[in-house]
>>> print(open('model.cif').read())   # mmCIF, C-alpha atoms
data_coords
#
loop_
_atom_site.group_PDB
_atom_site.id
_atom_site.type_symbol
_atom_site.label_atom_id
_atom_site.label_comp_id
_atom_site.auth_asym_id
_atom_site.auth_seq_id
_atom_site.Cartn_x
_atom_site.Cartn_y
_atom_site.Cartn_z
ATOM 1 C CA MET T 1 0.000 0.000 0.000
ATOM 2 C CA ARG T 2 1.418 3.327 -1.015
ATOM 3 C CA THR T 3 0.274 6.586 0.436
ATOM 4 C CA THR T 4 0.869 9.960 -1.180
ATOM 5 C CA PHE T 5 0.951 13.161 0.781
ATOM 6 C CA ASP T 6 -0.343 16.565 -0.269
ATOM 7 C CA PHE T 7 2.266 19.145 0.660
ATOM 8 C CA ALA T 8 0.364 22.113 -0.840
ATOM 9 C CA PRO T 9 -0.479 23.701 2.561
ATOM 10 C CA LEU T 10 3.182 23.441 3.573
ATOM 11 C CA TRP T 11 4.413 25.188 0.409
ATOM 12 C CA ARG T 12 2.238 28.243 1.157
ATOM 13 C CA SER T 13 4.376 29.225 4.142
ATOM 14 C CA THR T 14 7.825 27.790 3.404
ATOM 15 C CA ILE T 15 10.547 28.656 0.940
ATOM 16 C CA GLY T 16 13.379 26.409 -0.159
ATOM 17 C CA PHE T 17 11.996 23.099 1.131
ATOM 18 C CA ASP T 18 11.156 21.667 -2.283
ATOM 19 C CA HIS T 19 13.372 18.642 -1.675
ATOM 20 C CA LEU T 20 11.281 17.645 1.365
ATOM 21 C CA ALA T 21 8.582 15.929 -0.723
ATOM 22 C CA ASP T 22 11.234 14.029 -2.691
ATOM 23 C CA LEU T 23 12.917 12.937 0.540
ATOM 24 C CA VAL T 24 9.662 11.645 2.056
ATOM 25 C CA ASP T 25 8.760 9.890 -1.181
ATOM 26 C CA SER T 26 12.126 8.134 -1.468
ATOM 27 C CA THR T 27 11.972 7.086 2.191
ATOM 28 C CA LEU T 28 8.545 5.547 1.698
ATOM 29 C CA ARG T 29 9.833 3.739 -1.381
ATOM 30 C CA GLN T 30 12.815 2.322 0.523
ATOM 31 C CA ALA T 31 10.703 1.166 3.478
ATOM 32 C CA GLY T 32 9.489 -1.905 1.598
ATOM 33 C CA GLU T 33 12.892 -2.794 0.203
ATOM 34 C CA ASP T 34 15.505 -5.214 1.436
ATOM 35 C CA ASN T 35 16.732 -4.662 5.001
ATOM 36 C CA TYR T 36 20.163 -6.185 4.428
ATOM 37 C CA PRO T 37 22.518 -5.609 6.115
ATOM 38 C CA PRO T 38 20.918 -4.815 9.469
ATOM 39 C CA TYR T 39 21.978 -1.524 11.031
ATOM 40 C CA ASN T 40 21.508 0.785 14.009
ATOM 41 C CA ILE T 41 21.422 4.572 14.080
ATOM 42 C CA GLU T 42 22.114 6.132 17.447
ATOM 43 C CA ARG T 43 22.559 9.597 18.841
ATOM 44 C CA SER T 44 25.710 9.731 20.929
ATOM 45 C CA GLY T 45 25.585 13.445 21.754
ATOM 46 C CA GLU T 46 23.630 16.588 20.921
ATOM 47 C CA ASP T 47 25.288 16.850 17.496
ATOM 48 C CA GLN T 48 26.898 13.404 17.262
ATOM 49 C CA TYR T 49 25.496 10.313 15.570
ATOM 50 C CA ARG T 50 26.693 6.782 14.920
ATOM 51 C CA ILE T 51 25.625 4.291 12.261
ATOM 52 C CA THR T 52 26.532 0.656 12.916
ATOM 53 C CA LEU T 53 26.097 -1.986 10.186
ATOM 54 C CA ALA T 54 26.375 -5.723 10.821
ATOM 55 C CA VAL T 55 28.511 -6.902 7.907
ATOM 56 C CA ALA T 56 29.536 -10.392 8.973
ATOM 57 C CA GLY T 57 31.529 -12.174 6.312
ATOM 58 C CA PHE T 58 32.820 -8.973 4.713
ATOM 59 C CA GLY T 59 36.332 -7.634 5.100
ATOM 60 C CA VAL T 60 37.621 -4.070 5.122
ATOM 61 C CA ASN T 61 38.540 -4.292 1.423
ATOM 62 C CA ASP T 62 35.058 -5.574 0.508
ATOM 63 C CA ILE T 63 33.268 -2.415 1.709
ATOM 64 C CA SER T 64 33.332 1.150 0.394
ATOM 65 C CA VAL T 65 31.993 4.202 2.205
ATOM 66 C CA THR T 66 31.316 7.342 0.147
ATOM 67 C CA ALA T 67 30.173 10.700 1.519
ATOM 68 C CA GLU T 68 28.649 13.032 -1.044
ATOM 69 C CA GLN T 69 26.793 16.304 -0.624
ATOM 70 C CA ASN T 70 23.909 15.164 1.604
ATOM 71 C CA ALA T 71 24.191 11.403 1.265
ATOM 72 C CA LEU T 72 26.264 8.627 2.760
ATOM 73 C CA THR T 73 26.541 5.527 0.573
ATOM 74 C CA ILE T 74 27.827 2.222 1.882
ATOM 75 C CA GLU T 75 28.438 -0.591 -0.592
ATOM 76 C CA GLY T 76 29.676 -4.094 -0.040
ATOM 77 C CA ARG T 77 30.736 -6.677 -2.594
ATOM 78 C CA LYS T 78 32.593 -9.928 -1.964
ATOM 79 C CA PRO T 79 35.185 -10.814 -4.583
ATOM 80 C CA ASP T 80 34.368 -13.831 -6.697
ATOM 81 C CA SER T 81 35.913 -16.848 -5.066
ATOM 82 C CA ALA T 82 36.116 -20.501 -5.888
ATOM 83 C CA ALA T 83 32.730 -22.172 -5.947
ATOM 84 C CA ARG T 84 31.972 -23.911 -2.705
ATOM 85 C CA GLU T 85 29.460 -26.567 -1.960
ATOM 86 C CA TYR T 86 27.438 -25.417 1.040
ATOM 87 C CA LEU T 87 25.329 -27.882 2.982
ATOM 88 C CA TYR T 88 23.750 -24.859 4.665
ATOM 89 C CA GLN T 89 24.529 -21.178 4.065
ATOM 90 C CA GLY T 90 23.200 -18.927 6.824
ATOM 91 C CA ILE T 91 25.729 -16.100 6.503
ATOM 92 C CA ALA T 92 24.647 -13.802 3.724
ATOM 93 C CA ALA T 93 27.425 -12.577 1.472
ATOM 94 C CA ARG T 94 25.354 -10.955 -1.235
ATOM 95 C CA PRO T 95 26.280 -7.483 -2.460
ATOM 96 C CA PHE T 96 24.507 -4.554 -0.841
ATOM 97 C CA ARG T 97 24.096 -0.823 -1.215
ATOM 98 C CA ARG T 98 22.702 1.274 1.607
ATOM 99 C CA VAL T 99 22.160 5.048 1.264
ATOM 100 C CA PHE T 100 21.579 7.363 4.222
ATOM 101 C CA ASN T 101 20.358 10.932 3.658
ATOM 102 C CA LEU T 102 22.269 13.415 5.769
ATOM 103 C CA ALA T 103 21.036 16.767 7.025
ATOM 104 C CA ASP T 104 22.906 19.949 6.188
ATOM 105 C CA TYR T 105 26.279 20.310 7.895
ATOM 106 C CA VAL T 106 26.469 16.632 8.955
ATOM 107 C CA GLN T 107 29.962 15.352 8.239
ATOM 108 C CA VAL T 108 31.429 11.853 8.389
ATOM 109 C CA LYS T 109 34.194 11.974 10.986
ATOM 110 C CA GLN T 110 35.481 8.399 10.843
ATOM 111 C CA ALA T 111 34.679 4.847 9.859
ATOM 112 C CA ALA T 112 35.996 1.780 11.633
ATOM 113 C CA PHE T 113 35.620 -1.958 11.083
ATOM 114 C CA GLN T 114 35.692 -4.183 14.141
ATOM 115 C CA ASP T 115 34.275 -7.598 15.032
ATOM 116 C CA GLY T 116 32.107 -7.786 11.904
ATOM 117 C CA LEU T 117 30.608 -4.339 12.520
ATOM 118 C CA LEU T 118 31.149 -1.239 10.413
ATOM 119 C CA VAL T 119 30.898 1.821 12.673
ATOM 120 C CA ILE T 120 30.558 5.284 11.128
ATOM 121 C CA ASP T 121 30.681 8.378 13.333
ATOM 122 C CA LEU T 122 28.935 11.540 12.170
ATOM 123 C CA LEU T 123 29.065 15.075 13.522
ATOM 124 C CA ARG T 124 26.884 18.098 12.759
ATOM 125 C CA GLU T 125 29.089 21.195 12.594
ATOM 126 C CA ILE T 126 27.200 24.392 11.886
ATOM 127 C CA PRO T 127 29.498 27.127 10.516
ATOM 128 C CA GLU T 128 29.842 30.250 12.667
ATOM 129 C CA ALA T 129 28.218 32.339 9.926
ATOM 130 C CA MET T 130 25.086 30.144 10.122
ATOM 131 C CA LYS T 131 24.710 30.190 13.907
ATOM 132 C CA PRO T 132 22.189 32.589 15.450
ATOM 133 C CA ARG T 133 23.687 35.865 16.584
ATOM 134 C CA ARG T 134 22.255 38.706 18.613
ATOM 135 C CA ILE T 135 21.784 41.962 16.698
ATOM 136 C CA GLN T 136 22.339 45.213 18.576
ATOM 137 C CA ILE T 137 19.383 47.591 18.228
ATOM 138 C CA ALA T 138 20.237 51.264 17.985
ATOM 139 C CA GLY T 139 17.911 53.503 19.973
ATOM 140 C CA ALA T 140 17.118 57.226 19.855
ATOM 141 C CA ALA T 141 19.565 57.857 22.693
ATOM 142 C CA SER T 142 22.342 55.876 21.069
ATOM 143 C CA PRO T 143 25.658 57.795 21.030
ATOM 144 C CA GLN T 144 26.289 56.832 17.393
ATOM 145 C CA ILE T 145 23.044 58.438 16.242
ATOM 146 C CA GLU T 146 23.661 61.556 18.364
ATOM 147 C CA GLN T 147 27.125 61.978 16.813
ATOM 148 C CA LYS T 148 25.718 61.737 13.269
ATOM 149 C CA LYS T 149 23.101 64.378 14.042
ATOM 150 C CA ALA T 150 25.749 66.778 15.419
ATOM 151 C CA ALA T 151 27.976 66.446 12.331
#
>>> encode(input="model.cif", output="structure tokens")
Amino acid sequence: MRTTFDFAPLWRSTIGFDHLADLVDSTLRQAGEDNYPPYNIERSGEDQYRITLAVAGFGVNDISVTAEQNALTIEGRKPDSAAREYLYQGIAARPFRRVFNLADYVQVKQAAFQDGLLVIDLLREIPEAMKPRRIQIAGAASPQIEQKKAA
């Protein structure tokens, strides 16, 4: 079952959020897709996040992590090896591609591979120019205005 949303009321009072509808639509599309490999997303601080993927059977050289503008792409592919005859194969080794959408100013700080887990640390760093700042309000009794009037 697919549900579509009408964002028309939202567009009346917002500017520059055109990508929001596309983001929601792509997330709904991905919800029914394959959930391999399993992963966790956790908040480890106010502006710190961690993504952990369970990639048992993969090695460091079998996985690539790519950070683009607002997306983090993780791909895994096992090299072709000699054909084996499995009596039972419970460890998945199929190729995967997982894409995470990142908010503005979220940067990948590091990626580590340990005990079959790929751990990616993220940090949101807002530039000083984008942070809120207090604006001084000049009043009628402000010395700067008085000096301009006298000149």
>>> residues_around(input="model.cif", residues="range 45-54 of chain T", least_positions_apart="2", cutoff="8 Å", atoms="all atoms listed in the file", output="ChimeraX atom specification")
/T:37-43,56,116-125
>>> residues_around(input="model.cif", residues="Val60 in chain T", least_positions_apart="3", cutoff="12 Å", atoms="all atoms listed in the file", output="number ranges by chain")
T: 55-57, 63-65, 75-78, 111-119
>>> closest_residue(input="model.cif", among="T:Ile126, T:Ala140, T:Ile135, T:Val106", to="Ala67 in chain T", atoms="all atoms listed in the file")
T:Val106
>>> atom_distance(input="model.cif", atom1="CA of Ile74 in chain T", atom2="CA of Phe100 in chain T")
8.4 Å
>>> resolve_selection(input="model.cif", expression="the PyMOL selection byres ((chain T and resi 103) around 9)", output="number ranges by chain")
T: 70-71, 101-102, 104-106, 124
>>> closest_residue(input="model.cif", among="T:Gln136, T:Phe58, T:Ala129, T:Lys109", to="Ala92 in chain T", atoms="all atoms listed in the file")
T:Phe58
>>> atom_distance(input="model.cif", atom1="CA of Asn35 in chain T", atom2="CA of Arg84 in chain T")
25.7 Å
>>> atom_distance(input="model.cif", atom1="CA of Glu68 in chain T", atom2="CA of Asp80 in chain T")
28.0 Å
>>> axis_aligned_box(input="model.cif", around="range 73-89 of chain T", padding_each_side="5 Å", output="lines of an AutoDock Vina configuration file")
center_x = 29.9
center_y = -11.2
center_z = -1.0
size_x = 22.4
size_y = 43.4
size_z = 21.4
